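query_7.tsv follows (TSV, C-alpha atoms and all ligand atoms):
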```tsv
chain	number	residue	atom	x	y	z
A	1163	MET	CA	-15.01	-47.53	6.42
A	1164	PRO	CA	-17.00	-44.33	5.72
A	1165	MET	CA	-15.23	-41.21	6.96
A	1166	ASP	CA	-16.86	-38.91	9.52
A	1167	LYS	CA	-18.30	-35.85	7.85
A	1168	ARG	CA	-16.73	-32.47	8.48
A	1169	ASN	CA	-18.84	-29.54	9.59
A	1170	LEU	CA	-19.42	-26.64	7.22
A	1171	GLU	CA	-20.71	-23.31	8.51
A	1172	ILE	CA	-21.32	-19.91	7.00
A	1173	CYS	CA	-21.11	-16.75	9.07
A	1174	LEU	CA	-23.20	-14.04	7.40
A	1175	SER	CA	-22.03	-11.01	9.39
A	1176	PRO	CA	-19.06	-10.03	11.57
A	1177	LEU	CA	-21.57	-9.66	14.42
A	1178	LEU	CA	-22.28	-13.41	14.26
A	1179	TYR	CA	-18.67	-14.61	14.31
A	1180	GLU	CA	-17.73	-16.68	17.37
A	1181	PRO	CA	-13.92	-16.89	17.55
A	1182	GLU	CA	-13.88	-19.41	20.40
A	1183	CYS	CA	-15.77	-21.92	18.21
A	1184	HIS	CA	-13.33	-21.79	15.32
A	1185	LYS	CA	-9.89	-22.27	16.84
A	1186	GLU	CA	-9.37	-25.52	14.94
A	1187	SER	CA	-11.26	-24.56	11.77
A	1188	ILE	CA	-10.19	-23.26	8.41
A	1189	VAL	CA	-11.81	-19.85	8.06
A	1190	VAL	CA	-12.33	-18.52	4.53
A	1191	ILE	CA	-12.62	-14.72	4.36
A	1192	ILE	CA	-15.09	-13.57	1.66
A	1193	ASP	CA	-15.54	-9.95	0.56
A	1194	ILE	CA	-15.88	-10.19	-3.20
A	1195	LEU	CA	-16.73	-6.48	-3.81
A	1196	ARG	CA	-13.91	-5.84	-3.55
A	1197	ALA	CA	-11.35	-6.75	-0.88
A	1198	THR	CA	-10.87	-10.48	-1.38
A	1199	SER	CA	-11.02	-10.14	-5.18
A	1200	ALA	CA	-8.35	-7.45	-4.94
A	1201	ILE	CA	-6.14	-9.62	-2.69
A	1202	CYS	CA	-6.36	-12.58	-5.10
A	1203	THR	CA	-5.54	-10.24	-7.99
A	1204	ALA	CA	-2.55	-8.74	-6.16
A	1205	PHE	CA	-1.02	-12.16	-5.61
A	1206	ALA	CA	-1.86	-13.28	-9.15
A	1207	HIS	CA	0.15	-10.25	-10.29
A	1208	GLY	CA	3.17	-11.17	-8.19
A	1209	ALA	CA	2.72	-9.31	-4.88
A	1210	GLN	CA	5.04	-10.75	-2.24
A	1211	SER	CA	2.89	-10.13	0.84
A	1212	ILE	CA	-0.03	-8.06	2.12
A	1213	ILE	CA	-0.21	-6.66	5.64
A	1214	PRO	CA	-3.90	-6.36	6.56
A	1215	VAL	CA	-4.57	-3.40	8.84
A	1216	ALA	CA	-7.98	-2.68	10.37
A	1217	GLY	CA	-7.50	0.97	11.38
A	1218	ILE	CA	-6.81	4.09	9.31
A	1219	GLU	CA	-4.19	5.49	11.71
A	1220	GLU	CA	-2.19	2.27	11.61
A	1221	ALA	CA	-2.23	2.37	7.80
A	1222	ARG	CA	-1.12	6.02	7.88
A	1223	GLU	CA	1.76	5.10	10.19
A	1224	TYR	CA	2.92	2.39	7.75
A	1225	LYS	CA	2.79	4.99	4.95
A	1226	SER	CA	5.03	7.32	6.93
A	1227	GLN	CA	7.51	4.45	7.21
A	1228	GLY	CA	7.65	4.21	3.42
A	1229	TYR	CA	5.34	1.25	2.79
A	1230	LEU	CA	3.17	0.94	-0.31
A	1231	VAL	CA	-0.37	1.42	1.06
A	1232	ALA	CA	-3.73	0.49	-0.47
A	1233	ALA	CA	-6.54	1.91	1.65
A	1234	GLU	CA	-10.17	2.93	1.23
A	1235	ARG	CA	-13.25	3.75	3.26
A	1236	ASP	CA	-16.73	3.62	1.76
A	1237	GLY	CA	-15.10	2.97	-1.60
A	1238	PHE	CA	-12.95	6.11	-1.65
A	1239	VAL	CA	-9.15	6.06	-1.62
A	1240	LEU	CA	-7.76	7.55	1.62
A	1241	ASP	CA	-5.78	10.73	1.05
A	1242	PHE	CA	-2.44	9.31	2.21
A	1243	ALA	CA	-2.77	5.99	0.34
A	1244	ASP	CA	-1.01	5.06	-2.90
A	1245	PHE	CA	-4.17	3.53	-4.32
A	1246	GLY	CA	-7.55	2.09	-3.37
A	1247	ASN	CA	-9.43	-1.17	-3.45
A	1248	SER	CA	-10.26	-1.93	-7.06
A	1249	PRO	CA	-8.61	-5.16	-8.22
A	1250	PHE	CA	-7.59	-3.12	-11.27
A	1251	ASN	CA	-5.38	-0.97	-9.00
A	1252	PHE	CA	-3.22	-4.00	-8.22
A	1253	THR	CA	-1.41	-4.08	-11.56
A	1254	ARG	CA	1.66	-6.21	-12.12
A	1255	GLU	CA	3.76	-3.07	-12.61
A	1256	ARG	CA	2.66	-1.73	-9.24
A	1257	VAL	CA	2.69	-4.84	-7.03
A	1258	LYS	CA	5.18	-7.40	-8.37
A	1259	GLY	CA	7.61	-8.37	-5.60
A	1260	LYS	CA	6.11	-5.77	-3.23
A	1261	THR	CA	4.70	-5.83	0.29
A	1262	ILE	CA	1.44	-3.89	0.41
A	1263	VAL	CA	-0.22	-2.53	3.53
A	1264	TYR	CA	-3.97	-2.87	3.07
A	1265	SER	CA	-6.92	-1.37	4.90
A	1266	THR	CA	-10.56	-1.48	3.77
A	1267	THR	CA	-14.02	-0.72	5.14
A	1268	ASN	CA	-14.99	-4.30	5.98
A	1269	GLY	CA	-12.65	-6.95	4.56
A	1270	THR	CA	-9.45	-6.26	6.47
A	1271	GLY	CA	-11.42	-5.91	9.72
A	1272	ILE	CA	-12.74	-9.47	9.51
A	1273	ILE	CA	-9.30	-10.84	8.64
A	1274	LYS	CA	-8.15	-9.44	12.00
A	1275	GLN	CA	-11.33	-10.63	13.73
A	1276	ALA	CA	-10.67	-14.21	12.58
A	1277	GLY	CA	-7.11	-14.01	13.96
A	1278	SER	CA	-7.39	-16.96	16.38
A	1279	ALA	CA	-8.73	-19.43	13.79
A	1280	GLY	CA	-6.73	-22.56	12.92
A	1281	VAL	CA	-6.04	-21.38	9.36
A	1282	ILE	CA	-7.22	-18.20	7.59
A	1283	VAL	CA	-7.41	-18.12	3.80
A	1284	ILE	CA	-8.87	-15.73	1.24
A	1285	GLY	CA	-11.80	-16.73	-0.97
A	1286	SER	CA	-13.47	-15.21	-4.01
A	1287	PHE	CA	-14.83	-16.31	-7.37
A	1288	LEU	CA	-11.37	-15.55	-8.75
A	1289	ASN	CA	-9.82	-18.56	-6.96
A	1290	ILE	CA	-12.90	-20.71	-6.34
A	1291	SER	CA	-11.78	-23.99	-7.96
A	1292	SER	CA	-8.33	-24.17	-6.38
A	1293	LEU	CA	-9.75	-23.05	-3.03
A	1294	THR	CA	-12.52	-25.63	-2.93
A	1295	GLY	CA	-10.20	-28.40	-4.18
A	1296	TRP	CA	-7.69	-27.56	-1.44
A	1297	LEU	CA	-10.38	-27.33	1.27
A	1298	ILE	CA	-11.69	-30.79	0.39
A	1299	GLU	CA	-8.16	-32.23	0.69
A	1300	GLN	CA	-7.73	-30.80	4.21
A	1301	GLU	CA	-10.59	-32.80	5.78
A	1302	ARG	CA	-11.15	-30.09	8.41
A	1303	GLU	CA	-14.07	-28.04	9.62
A	1304	VAL	CA	-14.67	-25.01	7.44
A	1305	VAL	CA	-16.24	-21.64	8.19
A	1306	LEU	CA	-17.05	-19.32	5.29
A	1307	PHE	CA	-16.88	-15.85	6.86
A	1308	CYS	CA	-18.75	-13.19	4.86
A	1309	ALA	CA	-17.70	-9.58	5.41
A	1310	GLY	CA	-21.10	-8.09	4.56
A	1311	TRP	CA	-21.32	-4.31	4.82
A	1312	LYS	CA	-20.75	-2.60	8.18
A	1313	ASN	CA	-22.00	-5.63	10.11
A	1314	ARG	CA	-24.99	-6.14	7.81
A	1315	PHE	CA	-25.74	-9.14	5.64
A	1316	ASN	CA	-24.95	-8.70	1.97
A	1317	LEU	CA	-25.99	-10.62	-1.11
A	1318	GLU	CA	-22.71	-10.88	-2.99
A	1319	ASP	CA	-20.61	-12.46	-0.23
A	1320	THR	CA	-23.47	-14.82	0.70
A	1321	ILE	CA	-23.80	-15.93	-2.92
A	1322	CYS	CA	-20.06	-16.58	-3.23
A	1323	ALA	CA	-20.20	-18.52	0.07
A	1324	GLY	CA	-23.13	-20.51	-1.40
A	1325	ALA	CA	-21.08	-21.28	-4.52
A	1326	ILE	CA	-18.17	-22.54	-2.40
A	1327	ALA	CA	-20.53	-24.48	-0.10
A	1328	SER	CA	-22.21	-26.10	-3.09
A	1329	ARG	CA	-18.87	-27.50	-4.27
A	1330	LEU	CA	-17.90	-28.66	-0.77
A	1331	MET	CA	-21.24	-30.35	-0.16
A	1332	SER	CA	-21.10	-32.17	-3.48
A	1333	SER	CA	-17.77	-33.71	-2.38
A	1334	SER	CA	-19.84	-35.63	0.24
A	1335	LEU	CA	-17.10	-34.95	2.84
A	1336	TYR	CA	-19.12	-32.16	4.45
A	1337	SER	CA	-22.39	-31.93	6.28
A	1338	THR	CA	-24.09	-28.92	7.77
A	1339	ILE	CA	-26.67	-28.20	10.41
A	1340	CYS	CA	-26.24	-24.49	9.83
A	1341	ASP	CA	-29.28	-22.65	8.44
A	1342	SER	CA	-27.02	-19.87	7.10
A	1343	THR	CA	-25.34	-22.47	4.90
A	1344	LEU	CA	-28.70	-23.80	3.69
A	1345	ALA	CA	-29.86	-20.25	2.91
A	1346	ALA	CA	-26.63	-19.45	1.03
A	1347	LEU	CA	-26.95	-22.66	-0.98
A	1348	ASP	CA	-30.51	-21.68	-1.93
A	1349	LEU	CA	-29.45	-18.16	-2.91
A	1350	TRP	CA	-26.62	-19.53	-5.04
A	1351	SER	CA	-29.04	-21.88	-6.81
A	1352	ILE	CA	-31.19	-18.87	-7.72
A	1353	ALA	CA	-28.31	-16.55	-8.67
A	1354	ARG	CA	-26.06	-18.94	-10.57
A	1355	THR	CA	-28.02	-18.93	-13.85
A	1356	ASP	CA	-27.39	-15.19	-14.28
A	1357	LEU	CA	-24.86	-14.09	-11.68
A	1358	PRO	CA	-24.20	-10.54	-13.00
A	1359	GLY	CA	-27.96	-10.03	-13.37
A	1360	TYR	CA	-28.63	-11.17	-9.81
A	1361	ILE	CA	-25.80	-9.07	-8.35
A	1362	GLU	CA	-27.47	-6.01	-9.95
A	1363	LYS	CA	-29.85	-6.15	-6.96
A	1364	SER	CA	-27.14	-5.88	-4.33
A	1365	ALA	CA	-26.78	-2.71	-2.28
A	1366	HIS	CA	-23.01	-2.55	-2.71
A	1367	ARG	CA	-23.43	-2.92	-6.48
A	1368	SER	CA	-25.52	0.29	-6.34
A	1369	ARG	CA	-23.04	2.02	-4.02
A	1370	LEU	CA	-20.15	1.27	-6.37
A	1371	ARG	CA	-22.18	2.42	-9.40
A	1372	GLU	CA	-23.12	5.71	-7.75
A	1373	LYS	CA	-19.44	6.37	-7.01
A	1374	GLY	CA	-18.31	5.38	-10.51
A	1375	LEU	CA	-16.33	2.46	-9.03
A	1376	ASP	CA	-18.22	-0.40	-10.69
A	1377	ASP	CA	-15.94	-1.15	-13.64
A	1378	CYS	CA	-14.56	-4.24	-11.88
A	1379	ILE	CA	-17.85	-6.02	-11.05
A	1380	GLU	CA	-17.77	-8.40	-14.01
A	1381	PHE	CA	-14.13	-9.22	-13.25
A	1382	CYS	CA	-14.94	-9.95	-9.57
A	1383	LEU	CA	-17.56	-12.47	-10.71
A	1384	THR	CA	-15.09	-14.32	-12.96
A	1385	GLU	CA	-14.26	-17.85	-11.87
A	1386	ASP	CA	-10.66	-19.06	-11.70
A	1387	TYR	CA	-8.60	-16.04	-12.70
A	1388	THR	CA	-5.92	-17.53	-10.44
A	1389	GLU	CA	-5.07	-20.74	-8.56
A	1390	ILE	CA	-3.47	-18.85	-5.71
A	1391	ILE	CA	-4.97	-19.27	-2.24
A	1392	PRO	CA	-3.71	-16.37	-0.11
A	1393	VAL	CA	-3.14	-17.43	3.51
A	1394	ILE	CA	-2.33	-15.65	6.77
A	1395	LYS	CA	1.09	-16.53	8.21
A	1396	ASP	CA	2.14	-14.63	11.36
A	1397	GLY	CA	-0.51	-11.99	10.73
A	1398	VAL	CA	0.57	-11.32	7.13
A	1399	LEU	CA	-1.05	-12.57	3.92
A	1400	VAL	CA	1.31	-14.54	1.76
A	1401	ASN	CA	0.93	-15.82	-1.67
A	1402	ASN	CA	-0.01	-19.43	-1.53
A	1403	ILE	CA	-0.93	-22.25	0.72
A	1404	LEU	CA	-0.35	-24.82	-2.02
A	1501	LIG	C1	-14.42	-3.65	2.01
A	1501	LIG	O1	-13.43	-4.30	2.38
A	1501	LIG	O2	-15.10	-3.04	2.78
A	1501	LIG	C2	-14.87	-3.60	0.60
A	1501	LIG	O3	-14.20	-4.49	-0.17
A	1501	LIG	C3	-15.03	-2.18	0.17
A	1501	LIG	C4	-14.99	-1.91	-1.31
A	1501	LIG	O4	-14.01	-2.23	-1.96
A	1501	LIG	O5	-15.92	-1.36	-1.85
```

So that I can check it, write out the structure of this file as structure tokens.
Amino acid sequence: MPMDKRNLEICLSPLLYEPECHKESIVVIIDILRATSAICTAFAHGAQSIIPVAGIEEAREYKSQGYLVAAERDGFVLDFADFGNSPFNFTRERVKGKTIVYSTTNGTGIIKQAGSAGVIVIGSFLNISSLTGWLIEQEREVVLFCAGWKNRFNLEDTICAGAIASRLMSSSLYSTICDSTLAALDLWSIARTDLPGYIEKSAHRSRLREKGLDDCIEFCLTEDYTEIIPVIKDGVLVNNIL
């Protein structure tokens, strides 16, 4: 007997997220430049756990308690933090076996915002194949939640959501009546032939270039650096749902 299709939605801005609609869903957090790429890298390099923190003062308080803290705003490392938000900061030497407190401009805020969802996992190009394979096995509704930039739509998260949606839709388990998903699928079909070239257009690409923080862009667009799917358990990101 044919199985009922599962619903797939994409949320293109934190302002559009409706927590009461997603209590049973798997929510995938996407902020590829750079928060979710950095989280995947941290776990790939052996981090034990990551405590996402939305506010600067809370992160500062953790620092005063002796925690290792990664924190940035508008790309810049906060003065009390140990390091910032480039995936290249999360080296094996620095993070192996460690708990890291983490606060960023957009990404950690939406992890907290999605707090009441059924399951919250981290998505990026770096873990796209294991993530999509796992999602298909779950047979549950999926929301791809794009961080954007300060509540605005952004290209890079939408394109990554389109890439994930394209794989889910081709599994024939999912259907969508969500125009955001259809738009993201269209954008991905345009961008996929030259992803770095397309991402050149994005506003955050320019912001990172102007600040000299763009050395990690190519890395953030790399598929399958890791198979790890970071997941929230009791408010903390841990290394793998698999
Ligand atoms: C964020 O979480 O706001 C971003 O990832 C910021 C950045 O790393 O540039």

- Task: Could you please extract the residues within 8 Å of ligand LIG 1501 (chain A), counting all atoms listed in the file, and hand them back as a ChimeraX atom specification?
- Result: /A:1193-1198,1234-1237,1246-1248,1265-1271,1309,1311-1312,1366,1370

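Using only C-alpha atoms, the protein and nucleic acid residues lying no more than 12 Å from A:Arg1302, apart from those fewer than 4 places from it along its own chain, are Met1165, Asp1166, Lys1167, Arg1168, Asn1169, Leu1170, Glu1171, His1184, Lys1185, Glu1186, Ser1187, Ile1188, Val1189, Gly1280, Val1281, Trp1296, Leu1297, Ile1298, Leu1330, Leu1335, Tyr1336 and Ser1337 of chain A.
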
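From atom CA of A:Leu1383 back to atom CA of A:Val1400, the distance works out to 22.7 Å.
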
Which residues of stretch 1170-1282 of chain A sit at most 7 Å from stretch 1342-1347 of chain A, using all atoms listed in the file? Give each one's shortest atom pair and distance in Å (one decimal place), in chain and ascending residue order, as a tab-separated table.
```
residue	atom	partner	partner_atom	distance
A:Glu1171	CA	A:Thr1343	CA	5.9
A:Ile1172	CA	A:Thr1343	CA	5.2
A:Cys1173	CA	A:Ser1342	CA	7.0
A:Leu1174	CA	A:Ser1342	CA	7.0
```

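For the atom pair formed by atom CA of A:Lys1363 and atom CA of A:Phe1250, the distance is 22.9 Å, given to one decimal.
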
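When all atoms listed in the file are used to measure the gap to A:Gly1397, the shortest distance among A:Thr1355, A:Val1231, A:Ser1211, A:Lys1373 belongs to A:Ser1211.
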
Incomplete stretch 1337-1348 of chain A brought to all heavy atoms, written out as an mmCIF file, in the coordinates of the input:
```cif
data_model
loop_
_atom_site.group_PDB
_atom_site.id
_atom_site.type_symbol
_atom_site.label_atom_id
_atom_site.label_comp_id
_atom_site.auth_asym_id
_atom_site.auth_seq_id
_atom_site.Cartn_x
_atom_site.Cartn_y
_atom_site.Cartn_z
ATOM 1 N N SER A 1337 -20.974 -32.030 5.968
ATOM 2 C CA SER A 1337 -22.390 -31.930 6.280
ATOM 3 C C SER A 1337 -22.594 -30.599 6.983
ATOM 4 O O SER A 1337 -21.628 -29.965 7.408
ATOM 5 C CB SER A 1337 -22.837 -33.087 7.183
ATOM 6 O OG SER A 1337 -22.173 -32.968 8.415
ATOM 7 N N THR A 1338 -23.841 -30.169 7.073
ATOM 8 C CA THR A 1338 -24.090 -28.920 7.770
ATOM 9 C C THR A 1338 -25.406 -28.993 8.516
ATOM 10 O O THR A 1338 -26.364 -29.611 8.045
ATOM 11 C CB THR A 1338 -24.074 -27.720 6.797
ATOM 12 O OG1 THR A 1338 -24.100 -26.522 7.561
ATOM 13 C CG2 THR A 1338 -25.238 -27.749 5.811
ATOM 14 N N ILE A 1339 -25.390 -28.399 9.715
ATOM 15 C CA ILE A 1339 -26.670 -28.200 10.410
ATOM 16 C C ILE A 1339 -26.841 -26.706 10.644
ATOM 17 O O ILE A 1339 -27.417 -26.274 11.627
ATOM 18 C CB ILE A 1339 -26.742 -28.977 11.743
ATOM 19 C CG1 ILE A 1339 -25.507 -28.681 12.589
ATOM 20 C CG2 ILE A 1339 -26.938 -30.453 11.515
ATOM 21 C CD1 ILE A 1339 -25.669 -29.084 14.043
ATOM 22 N N CYS A 1340 -26.290 -25.949 9.691
ATOM 23 C CA CYS A 1340 -26.240 -24.490 9.830
ATOM 24 C C CYS A 1340 -27.237 -23.897 8.821
ATOM 25 O O CYS A 1340 -27.094 -24.068 7.611
ATOM 26 C CB CYS A 1340 -24.804 -24.061 9.528
ATOM 27 S SG CYS A 1340 -24.572 -22.340 9.174
ATOM 28 N N ASP A 1341 -28.262 -23.214 9.333
ATOM 29 C CA ASP A 1341 -29.280 -22.650 8.440
ATOM 30 C C ASP A 1341 -28.705 -21.571 7.527
ATOM 31 O O ASP A 1341 -29.196 -21.374 6.406
ATOM 32 C CB ASP A 1341 -30.450 -22.078 9.241
ATOM 33 C CG ASP A 1341 -31.409 -23.172 9.707
ATOM 34 O OD1 ASP A 1341 -31.218 -24.337 9.317
ATOM 35 O OD2 ASP A 1341 -32.345 -22.860 10.467
ATOM 36 N N SER A 1342 -27.654 -20.877 7.977
ATOM 37 C CA SER A 1342 -27.020 -19.870 7.100
ATOM 38 C C SER A 1342 -26.459 -20.552 5.852
ATOM 39 O O SER A 1342 -26.527 -20.003 4.751
ATOM 40 C CB SER A 1342 -25.869 -19.166 7.832
ATOM 41 O OG SER A 1342 -26.336 -18.554 8.989
ATOM 42 N N THR A 1343 -25.888 -21.737 6.051
ATOM 43 C CA THR A 1343 -25.340 -22.470 4.900
ATOM 44 C C THR A 1343 -26.478 -22.890 3.961
ATOM 45 O O THR A 1343 -26.361 -22.753 2.732
ATOM 46 C CB THR A 1343 -24.553 -23.704 5.385
ATOM 47 O OG1 THR A 1343 -23.581 -23.267 6.325
ATOM 48 C CG2 THR A 1343 -23.871 -24.410 4.225
ATOM 49 N N LEU A 1344 -27.568 -23.372 4.543
ATOM 50 C CA LEU A 1344 -28.700 -23.800 3.690
ATOM 51 C C LEU A 1344 -29.272 -22.616 2.924
ATOM 52 O O LEU A 1344 -29.591 -22.725 1.729
ATOM 53 C CB LEU A 1344 -29.776 -24.464 4.560
ATOM 54 C CG LEU A 1344 -29.293 -25.705 5.338
ATOM 55 C CD1 LEU A 1344 -30.397 -26.230 6.247
ATOM 56 C CD2 LEU A 1344 -28.817 -26.790 4.376
ATOM 57 N N ALA A 1345 -29.341 -21.454 3.587
ATOM 58 C CA ALA A 1345 -29.860 -20.250 2.910
ATOM 59 C C ALA A 1345 -28.916 -19.812 1.795
ATOM 60 O O ALA A 1345 -29.354 -19.440 0.697
ATOM 61 C CB ALA A 1345 -30.042 -19.128 3.928
ATOM 62 N N ALA A 1346 -27.599 -19.865 2.060
ATOM 63 C CA ALA A 1346 -26.630 -19.450 1.030
ATOM 64 C C ALA A 1346 -26.669 -20.408 -0.158
ATOM 65 O O ALA A 1346 -26.549 -19.975 -1.317
ATOM 66 C CB ALA A 1346 -25.224 -19.399 1.646
ATOM 67 N N LEU A 1347 -26.841 -21.686 0.126
ATOM 68 C CA LEU A 1347 -26.950 -22.660 -0.980
ATOM 69 C C LEU A 1347 -28.188 -22.355 -1.826
ATOM 70 O O LEU A 1347 -28.136 -22.398 -3.070
ATOM 71 C CB LEU A 1347 -27.037 -24.087 -0.411
ATOM 72 C CG LEU A 1347 -25.720 -24.665 0.106
ATOM 73 C CD1 LEU A 1347 -25.985 -25.898 0.985
ATOM 74 C CD2 LEU A 1347 -24.783 -25.030 -1.050
ATOM 75 N N ASP A 1348 -29.289 -22.021 -1.181
ATOM 76 C CA ASP A 1348 -30.510 -21.680 -1.930
ATOM 77 C C ASP A 1348 -30.313 -20.414 -2.766
ATOM 78 O O ASP A 1348 -30.708 -20.355 -3.929
ATOM 79 C CB ASP A 1348 -31.689 -21.475 -0.972
ATOM 80 C CG ASP A 1348 -32.321 -22.794 -0.536
ATOM 81 O OD1 ASP A 1348 -31.910 -23.844 -1.073
ATOM 82 O OD2 ASP A 1348 -33.209 -22.766 0.333
#
```
